[in-house]
Every structure is written in C-alpha cells, then in structure tokens.
file protein35.cif (mmCIF, C-alpha atoms and all ligand atoms)
data_start
loop_
_atom_site.label_atom_id
_atom_site.label_comp_id
_atom_site.auth_asym_id
_atom_site.auth_seq_id
_atom_site.Cartn_x
_atom_site.Cartn_y
_atom_site.Cartn_z
CA MET P 12 0.00 0.00 0.00
CA GLN P 13 1.28 3.45 -0.89
CA ASP P 14 2.13 5.86 1.88
CA VAL P 15 -0.50 8.63 1.66
CA SER P 16 -1.04 11.20 4.38
CA GLU P 17 -4.57 12.41 5.02
CA LYS P 18 -3.21 15.86 5.80
CA ARG P 19 -1.90 17.11 2.46
CA LEU P 20 -4.36 15.56 0.08
CA PRO P 21 -4.75 17.33 -3.27
CA GLN P 22 -8.09 19.12 -3.33
CA HIS P 23 -8.41 18.80 -7.08
CA ILE P 24 -7.02 15.99 -9.23
CA ALA P 25 -7.20 16.22 -13.03
CA ILE P 26 -6.48 13.22 -15.24
CA ILE P 27 -5.59 12.83 -18.91
CA MET P 28 -6.79 9.26 -19.41
CA ASP P 29 -4.49 8.14 -22.21
CA GLY P 30 -3.56 4.78 -23.69
CA ASN P 31 -6.93 3.09 -24.31
CA GLY P 32 -6.02 2.46 -27.96
CA ARG P 33 -2.58 1.05 -27.15
CA TRP P 34 -4.07 -1.14 -24.43
CA ALA P 35 -6.48 -2.55 -27.03
CA LYS P 36 -3.67 -3.14 -29.51
CA LYS P 37 -1.56 -4.90 -26.89
CA HIS P 38 -4.49 -7.23 -26.12
CA LYS P 39 -5.39 -7.69 -29.82
CA LYS P 40 -8.78 -6.09 -29.31
CA LYS P 41 -10.69 -3.31 -31.05
CA ARG P 42 -10.02 0.26 -29.90
CA ILE P 43 -13.54 0.57 -28.51
CA GLU P 44 -12.80 -2.31 -26.12
CA GLY P 45 -9.92 -0.20 -24.79
CA HIS P 46 -12.36 2.65 -24.16
CA ARG P 47 -14.82 0.24 -22.51
CA ARG P 48 -12.07 -0.92 -20.14
CA GLY P 49 -11.20 2.75 -19.69
CA ALA P 50 -14.72 3.41 -18.44
CA GLU P 51 -14.18 0.65 -15.82
CA ALA P 52 -11.04 2.47 -14.66
CA VAL P 53 -13.12 5.66 -14.38
CA ARG P 54 -15.46 3.86 -11.95
CA ILE P 55 -12.55 2.67 -9.83
CA VAL P 56 -10.92 6.10 -9.68
CA VAL P 57 -14.14 7.98 -8.89
CA ARG P 58 -14.82 5.57 -6.00
CA ALA P 59 -11.25 5.85 -4.73
CA CYS P 60 -11.30 9.68 -4.80
CA ARG P 61 -14.60 9.72 -2.93
CA GLU P 62 -13.23 7.31 -0.30
CA LEU P 63 -10.10 9.40 0.12
CA GLY P 64 -12.08 12.63 0.44
CA ILE P 65 -10.77 14.40 -2.69
CA PRO P 66 -13.36 17.14 -3.32
CA TYR P 67 -12.74 17.66 -7.08
CA LEU P 68 -11.87 15.21 -9.83
CA THR P 69 -11.67 16.32 -13.47
CA LEU P 70 -11.41 13.71 -16.21
CA PHE P 71 -10.48 14.48 -19.81
CA ALA P 72 -13.02 12.23 -21.55
CA PHE P 73 -13.22 13.79 -25.01
CA SER P 74 -11.28 16.68 -26.52
CA THR P 75 -12.31 19.11 -29.26
CA GLU P 76 -9.64 17.36 -31.40
CA ASN P 77 -11.15 13.90 -30.75
CA TRP P 78 -14.00 14.77 -33.16
CA LEU P 79 -11.45 14.11 -35.92
CA ARG P 80 -11.26 10.39 -35.05
CA PRO P 81 -13.05 7.85 -37.28
CA TYR P 82 -16.84 8.09 -37.07
CA GLU P 83 -17.13 4.58 -35.61
CA GLU P 84 -14.82 5.41 -32.70
CA VAL P 85 -16.50 8.76 -31.95
CA SER P 86 -19.98 7.22 -31.92
CA GLY P 87 -18.72 4.28 -29.82
CA LEU P 88 -17.24 6.70 -27.28
CA MET P 89 -20.47 8.71 -27.14
CA ARG P 90 -22.46 5.52 -26.58
CA LEU P 91 -20.11 4.48 -23.78
CA LEU P 92 -20.40 7.86 -22.18
CA LYS P 93 -24.18 7.74 -22.20
CA GLN P 94 -24.14 4.21 -20.77
CA TYR P 95 -21.69 5.29 -18.07
CA ILE P 96 -23.88 8.23 -17.02
CA GLN P 97 -27.04 6.15 -16.97
CA SER P 98 -25.49 3.27 -15.04
CA GLU P 99 -23.60 5.47 -12.54
CA ILE P 100 -26.24 8.06 -11.71
CA ASP P 101 -27.56 6.09 -8.71
CA GLU P 102 -24.09 5.49 -7.31
CA LEU P 103 -23.15 9.15 -7.79
CA SER P 104 -26.33 10.19 -5.97
CA LYS P 105 -25.85 7.65 -3.16
CA ASN P 106 -22.30 8.88 -2.63
CA ASP P 107 -23.24 12.57 -2.66
CA ILE P 108 -21.21 13.28 -5.83
CA ARG P 109 -22.18 16.13 -8.13
CA LEU P 110 -21.66 15.60 -11.83
CA ASN P 111 -20.52 18.61 -13.81
CA VAL P 112 -19.50 18.91 -17.45
CA ILE P 113 -16.93 21.32 -18.84
CA GLY P 114 -16.67 21.84 -22.57
CA ASP P 115 -18.89 22.63 -25.51
CA LEU P 116 -22.00 20.65 -24.59
CA SER P 117 -23.86 22.07 -27.59
CA SER P 118 -21.67 20.05 -29.98
CA LEU P 119 -22.78 16.72 -28.45
CA LYS P 120 -25.57 14.57 -29.84
CA LYS P 121 -28.95 15.45 -28.36
CA SER P 122 -29.43 12.11 -26.58
CA VAL P 123 -25.99 12.33 -24.93
CA ARG P 124 -26.56 15.95 -23.97
CA ARG P 125 -29.92 15.08 -22.46
CA ALA P 126 -28.46 12.23 -20.39
CA LEU P 127 -25.75 14.58 -19.10
CA GLU P 128 -28.14 17.42 -18.35
CA ASP P 129 -30.44 15.03 -16.56
CA ALA P 130 -27.58 13.66 -14.43
CA MET P 131 -26.30 17.16 -13.65
CA LYS P 132 -29.78 18.20 -12.54
CA LYS P 133 -30.26 15.08 -10.40
CA THR P 134 -26.93 15.54 -8.62
CA GLU P 135 -26.84 19.35 -8.37
CA ASN P 136 -27.33 19.43 -4.60
CA ASN P 137 -24.64 16.86 -3.81
CA ARG P 138 -21.78 18.31 -1.83
CA SER P 139 -19.13 15.71 -0.95
CA MET P 140 -17.36 15.67 -4.29
CA VAL P 141 -17.54 17.15 -7.79
CA LEU P 142 -16.90 14.86 -10.76
CA ASN P 143 -16.05 17.13 -13.65
CA LEU P 144 -16.15 15.52 -17.06
CA ALA P 145 -14.29 17.43 -19.76
CA LEU P 146 -16.22 16.72 -22.95
CA SER P 147 -15.70 18.31 -26.31
CA TYR P 148 -13.25 20.33 -24.28
CA GLY P 149 -10.23 22.31 -25.50
CA GLY P 150 -8.19 24.66 -23.32
CA ARG P 151 -7.63 27.27 -26.04
CA ASP P 152 -11.31 27.15 -27.01
CA GLU P 153 -12.22 27.74 -23.39
CA ILE P 154 -9.95 30.80 -23.12
CA VAL P 155 -11.30 32.24 -26.38
CA MET P 156 -14.89 31.62 -25.22
CA ALA P 157 -14.13 33.38 -21.91
CA ALA P 158 -12.54 36.35 -23.72
CA ARG P 159 -15.59 36.67 -25.96
CA ARG P 160 -17.98 36.67 -23.02
CA LEU P 161 -15.82 39.15 -21.15
CA ILE P 162 -15.72 41.53 -24.13
CA GLN P 163 -19.49 41.20 -24.49
CA ASP P 164 -19.96 42.11 -20.81
CA ALA P 165 -17.60 45.07 -21.24
CA LYS P 166 -19.59 46.25 -24.26
CA GLU P 167 -22.74 46.07 -22.18
CA GLY P 168 -21.05 48.08 -19.43
CA LEU P 169 -21.15 45.21 -16.93
CA ILE P 170 -17.38 45.23 -16.41
CA SER P 171 -14.62 47.76 -17.11
CA PRO P 172 -11.11 46.87 -18.40
CA ASP P 173 -9.38 47.86 -15.15
CA GLU P 174 -11.55 45.39 -13.24
CA VAL P 175 -10.13 42.50 -15.27
CA ASP P 176 -7.51 40.50 -13.37
CA ASP P 177 -6.82 36.77 -13.30
CA GLU P 178 -9.42 36.19 -10.62
CA THR P 179 -12.13 37.95 -12.67
CA PHE P 180 -11.04 36.18 -15.86
CA SER P 181 -11.30 32.77 -14.12
CA ARG P 182 -14.98 33.44 -13.52
CA TYR P 183 -15.60 33.39 -17.28
CA LEU P 184 -14.08 29.91 -17.73
CA TYR P 185 -16.01 26.62 -17.66
CA THR P 186 -14.30 25.94 -14.32
CA ALA P 187 -15.68 29.07 -12.58
CA GLY P 188 -15.91 28.39 -8.85
CA ILE P 189 -13.69 25.30 -9.02
CA PRO P 190 -10.17 25.53 -7.54
CA ASP P 191 -7.24 24.95 -9.93
CA PRO P 192 -5.97 21.36 -10.05
CA ASP P 193 -3.25 20.58 -7.50
CA LEU P 194 -2.25 17.41 -9.30
CA LEU P 195 -2.49 16.46 -12.97
CA ILE P 196 -1.97 12.81 -13.87
CA ARG P 197 -1.29 11.62 -17.42
CA THR P 198 -1.17 7.92 -18.17
CA SER P 199 0.50 5.89 -20.94
CA GLY P 200 3.96 7.46 -20.97
CA GLU P 201 3.17 10.66 -22.88
CA PHE P 202 4.53 13.97 -21.59
CA ARG P 203 2.12 16.53 -23.01
CA ILE P 204 -0.72 18.69 -21.74
CA SER P 205 -2.70 18.29 -25.02
CA ASN P 206 -4.82 21.43 -24.70
CA PHE P 207 -6.16 20.42 -21.27
CA LEU P 208 -6.88 23.05 -18.58
CA LEU P 209 -4.22 25.39 -19.97
CA TRP P 210 -5.15 28.35 -17.79
CA GLN P 211 -5.89 26.30 -14.67
CA CYS P 212 -2.62 24.32 -14.63
CA ALA P 213 -0.35 27.34 -14.06
CA TYR P 214 0.92 25.90 -10.73
CA THR P 215 -0.28 22.31 -10.95
CA GLU P 216 2.07 19.44 -10.11
CA PHE P 217 2.37 17.00 -13.02
CA TYR P 218 2.65 13.24 -12.60
CA PHE P 219 3.32 10.92 -15.53
CA THR P 220 3.03 7.15 -15.51
CA ASP P 221 3.61 4.48 -18.17
CA VAL P 222 0.45 2.60 -17.15
CA PHE P 223 -2.23 2.52 -19.87
CA TRP P 224 -5.48 4.06 -18.62
CA PRO P 225 -7.52 0.80 -18.65
CA ASP P 226 -4.90 -0.73 -16.31
CA PHE P 227 -4.92 2.23 -13.90
CA THR P 228 -5.85 1.13 -10.36
CA LYS P 229 -6.40 2.62 -6.93
CA GLU P 230 -2.76 1.72 -6.14
CA ASP P 231 -1.61 3.83 -9.11
CA LEU P 232 -3.72 6.72 -7.87
CA LEU P 233 -2.21 6.41 -4.39
CA ALA P 234 1.28 6.34 -5.92
CA ALA P 235 0.55 9.62 -7.71
CA ILE P 236 -0.81 11.23 -4.53
CA SER P 237 2.13 9.97 -2.52
CA GLU P 238 4.57 11.50 -5.03
CA TYR P 239 2.56 14.75 -4.95
CA GLN P 240 2.88 14.85 -1.18
CA ARG P 241 6.67 14.65 -1.47
CA ARG P 242 6.81 17.72 -3.73
CA GLU P 243 7.47 21.22 -2.44
CA ARG P 244 5.05 23.71 -3.95
CA ARG P 245 6.58 27.15 -3.96
CA PHE P 246 4.25 29.12 -6.25
CA GLY P 247 7.20 31.26 -7.37
CA ARG P 248 8.59 31.85 -3.87
CA THR P 249 11.79 30.47 -2.32
CA SER P 250 11.90 27.46 0.00
CA ASP P 251 12.74 29.71 2.96
CA GLN P 252 9.63 31.79 2.43
CA LEU P 253 7.26 28.83 2.81
C1 LIG K 1 -7.32 8.36 -24.80
O1 LIG K 1 -6.90 7.09 -25.27
C2 LIG K 1 -8.68 8.29 -24.31
C3 LIG K 1 -9.76 8.91 -24.88
C4 LIG K 1 -9.64 9.72 -26.10
C5 LIG K 1 -11.12 8.77 -24.34
C6 LIG K 1 -11.25 8.56 -22.86
C7 LIG K 1 -12.50 7.83 -22.63
C8 LIG K 1 -12.71 6.89 -21.67
C9 LIG K 1 -11.73 6.58 -20.62
C10 LIG K 1 -13.97 6.07 -21.61
C11 LIG K 1 -15.24 6.79 -21.48
C12 LIG K 1 -15.25 7.89 -20.49
C13 LIG K 1 -16.06 7.97 -19.40
C14 LIG K 1 -16.03 9.19 -18.57
C15 LIG K 1 -16.99 6.90 -19.03
P1 LIG K 1 -6.45 6.95 -26.79
O2 LIG K 1 -7.59 6.38 -27.54
O3 LIG K 1 -5.92 8.25 -27.30
O4 LIG K 1 -5.28 5.91 -26.63
P2 LIG K 1 -4.00 5.75 -27.58
O5 LIG K 1 -3.22 7.03 -27.46
O6 LIG K 1 -3.30 4.59 -26.96
O7 LIG K 1 -4.51 5.46 -28.96
#
call {"tool": "encode", "arguments": {"input": "protein35.cif", "output": "structure tokens"}}
result
Amino acid sequence: MQDVSEKRLPQHIAIIMDGNGRWAKKHKKKRIEGHRRGAEAVRIVVRACRELGIPYLTLFAFSTENWLRPYEEVSGLMRLLKQYIQSEIDELSKNDIRLNVIGDLSSLKKSVRRALEDAMKKTENNRSMVLNLALSYGGRDEIVMAARRLIQDAKEGLISPDEVDDETFSRYLYTAGIPDPDLLIRTSGEFRISNFLLWQCAYTEFYFTDVFWPDFTKEDLLAAISEYQRRERRFGRTSDQL
C-alpha cells in the first residue's frame, strides 16, 4: 500500500486518461474495447477519490480534437459515455457526488446531452465531491470563449477593463468556482498537456506514468498522490519563504 497522508491531500485531481487504444492493440482487441475498459477504470478512480475525500476530480473524456477520429470510434465513445452516465447516476447520488460537465455541450448529440443534463440536474445538490467531465473540451477554445464573453460584458457596461484581473477572468471559464488542479496525472507514458486546462494548470504538479489508462488502479492513484505529497510547492517563492 502506498504511503499517503490524510493531511496534504490534493483538493483537485485532473487526469488525462491516455492509452486506451494502445491497451487494445496490446491485447489484440478493437479500440472501442480499450475505451470500454477505460470506463471501468473511471469507476474505480471515482470511487477511490470519494473514499479518500478528494473534493474535485476532473477527467479528460473527449477533446475538441477527438471529433477528428473515425466516425465509428467517436460514436462508440459517445455511446459508452451515455451508458456510463445512466449506469452510474444512482451510485453518484448515493455517494453525494455532483456531476458537472466542462466543454462545448452544444456540440454533443442530443441524446448524450440530455443524459448529461439530466444527471447534472439530479446531482446538483450533492456536496461531498464534484466529478467534472471534460467533454468536447479544449483549453484554447475555453480561453477564447471566456474572452468573448468578457468583451461582451464590457460592451454592455457590466465590467470595465481595469476590473479584469486573473481572478475575474477565471470566472468566465467553464471551471468558474472550481479551484485549480493541484495534481495532474497523465497515463501511458506521454509527456504533453494536449490542450487540457491550460489556464488552470499554471501551478499544478504533473505526474506521468507508463500505465495505460484501462490498467490504472487505486494503487496507481495512491502512488501519484504519494509523489505529490513529497513535492514542495513554492508558487514562485523560495523554499525559505514557505
Ligand atoms: C485516450 O486514449 C482516451 C480517450 C480519447 C477517451 C477517454 C475515454 C474513456 C476513458 C472512456 C469513457 C469515459 C467515461 C467518462 C466513461 P487513446 O484512444 O488516445 O489511446 P491511444 O493514445 O493509446 O490510442
């Protein structure tokens, strides 16, 4: 068992769930089977975060760039997502977990959007944890969307340029009201941020593992948290100032 202290737990963990396709290839299965196993890993990690008392978990489930994948894979992923929401809604409710979606919901198929909106509504009063699903999400898109809304508000006289600082700007992002991630995990041995939470990761600790997402377990999560707890976060200051 990994050595994790209850005292310095990350308040927000974000995960780039990568390697479903390579997992499938390794096991001589179709890519969609990798995603299906990936959805199982999502269940395990959501449960583990809830047990540990992590208040925010953000999962990168589908990027704006993922629309470019073959039609069969995109529709398979959407189907999986809908199934996941429908099968997990009771467990999320029972465990006091609020489901939230960040990204361009309007680009999703109506039936998927409806399932998500329904689940968000049903869980809106839950307080123990927020499960944030990033769907049709792109970090640059999010910043551009926020800038547009900010300019619109300025045009309408609701905000003036000198009121705009990073705190105000954050309120225009999908993640308004959610603290920045403390820990970002990326699986499958890639060392990129891939347009995920670009603004929010300014001071996030990154953790990379070779494990393919479908193989990711509670032990792997604890290993990431344990490593996080050994890091010194200085936020631009010196060690002596902390
Ligand atoms: C990256 O693996 C993963 C995705 C693009 C999708 C993530 C989706 C899931 C884990 C399943 C459904 C999600 C939920 C929330 C139930 P990849 O296909 O890029 O892998 P590769 O780089 O090995 O090809």
call {"tool": "residues_around", "arguments": {"input": "protein35.cif", "residues": "segment 104-113 of chain P", "least_positions_apart": "2", "cutoff": "9 Å", "atoms": "only C-alpha atoms", "output": "PyMOL selection string"}}
result
chain P and resi 58+61+99-102+115-116+127-128+130-148+185-186
call {"tool": "atom_distance", "arguments": {"input": "protein35.cif", "atom1": "atom CA of Ile24 of chain P", "atom2": "atom CA of Leu209 of chain P"}}
result
14.5 Å
call {"tool": "closest_residue", "arguments": {"input": "protein35.cif", "among": "P:Phe219, P:Phe207, P:Phe227, P:Tyr67", "to": "Asp193 of chain P", "atoms": "only C-alpha atoms"}}
result
P:Tyr67
call {"tool": "closest_residue", "arguments": {"input": "protein35.cif", "among": "P:Ser117, P:Gln22, P:Gln163, P:Thr249", "to": "Cys60 of chain P", "atoms": "all atoms listed in the file"}}
result
P:Gln22
call {"tool": "residues_near_ligand", "arguments": {"input": "protein35.cif", "ligand": "ligand LIG 1 (chain K)", "cutoff": "8 Å", "atoms": "only C-alpha atoms and all ligand atoms", "output": "PyMOL selection string"}}
result
chain P and resi 27-35+42+45-54+70-74+77+88-89+91-96+144+199+223-225
call {"tool": "write_last_selection", "arguments": {"input": "protein35.cif", "atoms": "C-alpha atoms", "output": "mmCIF file, in the coordinates of the input"}}
result
data_model
loop_
_atom_site.group_PDB
_atom_site.id
_atom_site.type_symbol
_atom_site.label_atom_id
_atom_site.label_comp_id
_atom_site.auth_asym_id
_atom_site.auth_seq_id
_atom_site.Cartn_x
_atom_site.Cartn_y
_atom_site.Cartn_z
ATOM 1 C CA ILE P 27 -5.590 12.830 -18.910
ATOM 2 C CA MET P 28 -6.790 9.260 -19.410
ATOM 3 C CA ASP P 29 -4.490 8.140 -22.210
ATOM 4 C CA GLY P 30 -3.560 4.780 -23.690
ATOM 5 C CA ASN P 31 -6.930 3.090 -24.310
ATOM 6 C CA GLY P 32 -6.020 2.460 -27.960
ATOM 7 C CA ARG P 33 -2.580 1.050 -27.150
ATOM 8 C CA TRP P 34 -4.070 -1.140 -24.430
ATOM 9 C CA ALA P 35 -6.480 -2.550 -27.030
ATOM 10 C CA ARG P 42 -10.020 0.260 -29.900
ATOM 11 C CA GLY P 45 -9.920 -0.200 -24.790
ATOM 12 C CA HIS P 46 -12.360 2.650 -24.160
ATOM 13 C CA ARG P 47 -14.820 0.240 -22.510
ATOM 14 C CA ARG P 48 -12.070 -0.920 -20.140
ATOM 15 C CA GLY P 49 -11.200 2.750 -19.690
ATOM 16 C CA ALA P 50 -14.720 3.410 -18.440
ATOM 17 C CA GLU P 51 -14.180 0.650 -15.820
ATOM 18 C CA ALA P 52 -11.040 2.470 -14.660
ATOM 19 C CA VAL P 53 -13.120 5.660 -14.380
ATOM 20 C CA ARG P 54 -15.460 3.860 -11.950
ATOM 21 C CA LEU P 70 -11.410 13.710 -16.210
ATOM 22 C CA PHE P 71 -10.480 14.480 -19.810
ATOM 23 C CA ALA P 72 -13.020 12.230 -21.550
ATOM 24 C CA PHE P 73 -13.220 13.790 -25.010
ATOM 25 C CA SER P 74 -11.280 16.680 -26.520
ATOM 26 C CA ASN P 77 -11.150 13.900 -30.750
ATOM 27 C CA LEU P 88 -17.240 6.700 -27.280
ATOM 28 C CA MET P 89 -20.470 8.710 -27.140
ATOM 29 C CA LEU P 91 -20.110 4.480 -23.780
ATOM 30 C CA LEU P 92 -20.400 7.860 -22.180
ATOM 31 C CA LYS P 93 -24.180 7.740 -22.200
ATOM 32 C CA GLN P 94 -24.140 4.210 -20.770
ATOM 33 C CA TYR P 95 -21.690 5.290 -18.070
ATOM 34 C CA ILE P 96 -23.880 8.230 -17.020
ATOM 35 C CA LEU P 144 -16.150 15.520 -17.060
ATOM 36 C CA SER P 199 0.500 5.890 -20.940
ATOM 37 C CA PHE P 223 -2.230 2.520 -19.870
ATOM 38 C CA TRP P 224 -5.480 4.060 -18.620
ATOM 39 C CA PRO P 225 -7.520 0.800 -18.650
#
call {"tool": "closest_residue", "arguments": {"input": "protein35.cif", "among": "P:Glu174, P:Glu44, P:Glu17, P:Glu84", "to": "Glu62 of chain P", "atoms": "only C-alpha atoms"}}
result
P:Glu17
call {"tool": "residues_around", "arguments": {"input": "protein35.cif", "residues": "Arg241 of chain P", "least_positions_apart": "3", "cutoff": "12 Å", "atoms": "all atoms listed in the file", "output": "PyMOL selection string"}}
result
chain P and resi 14-16+19-21+216+218+234-238+244
call {"tool": "atom_distance", "arguments": {"input": "protein35.cif", "atom1": "atom CA of Asp152 of chain P", "atom2": "atom CA of Glu178 of chain P"}}
result
18.8 Å
call {"tool": "closest_residue", "arguments": {"input": "protein35.cif", "among": "P:Leu232, P:Leu194, P:Ala158, P:Leu253", "to": "Leu63 of chain P", "atoms": "only C-alpha atoms"}}
result
P:Leu232
call {"tool": "atom_distance", "arguments": {"input": "protein35.cif", "atom1": "atom CA of Ala126 of chain P", "atom2": "atom CA of Gln97 of chain P"}}
result
7.1 Å
call {"tool": "axis_aligned_box", "arguments": {"input": "protein35.cif", "around": "segment 230-245 of chain P", "padding_each_side": "6 Å", "output": "AutoDock Vina command-line options"}}
result
--center_x 1.9 --center_y 14.4 --center_z -5.1 --size_x 23.2 --size_y 37.4 --size_z 19.9
call {"tool": "closest_residue", "arguments": {"input": "protein35.cif", "among": "P:Ile204, P:Gly150, P:Lys18, P:Ser98", "to": "Thr75 of chain P", "atoms": "all atoms listed in the file"}}
result
P:Gly150
call {"tool": "closest_residue", "arguments": {"input": "protein35.cif", "among": "P:Lys41, P:His23, P:Arg245, P:Arg182", "to": "Gly64 of chain P", "atoms": "only C-alpha atoms"}}
result
P:His23
call {"tool": "residues_near_point", "arguments": {"input": "protein35.cif", "point": "(1.8, 24.5, -9.5)", "cutoff": "10 Å", "atoms": "all atoms listed in the file", "output": "ChimeraX atom specification"}}
result
/P:191-195,211-217,243-247
call {"tool": "residues_around", "arguments": {"input": "protein35.cif", "residues": "segment 229-231 of chain P", "least_positions_apart": "6", "cutoff": "7 Å", "atoms": "all atoms listed in the file", "output": "PyMOL selection string"}}
result
chain P and resi 12-13+55-56+59
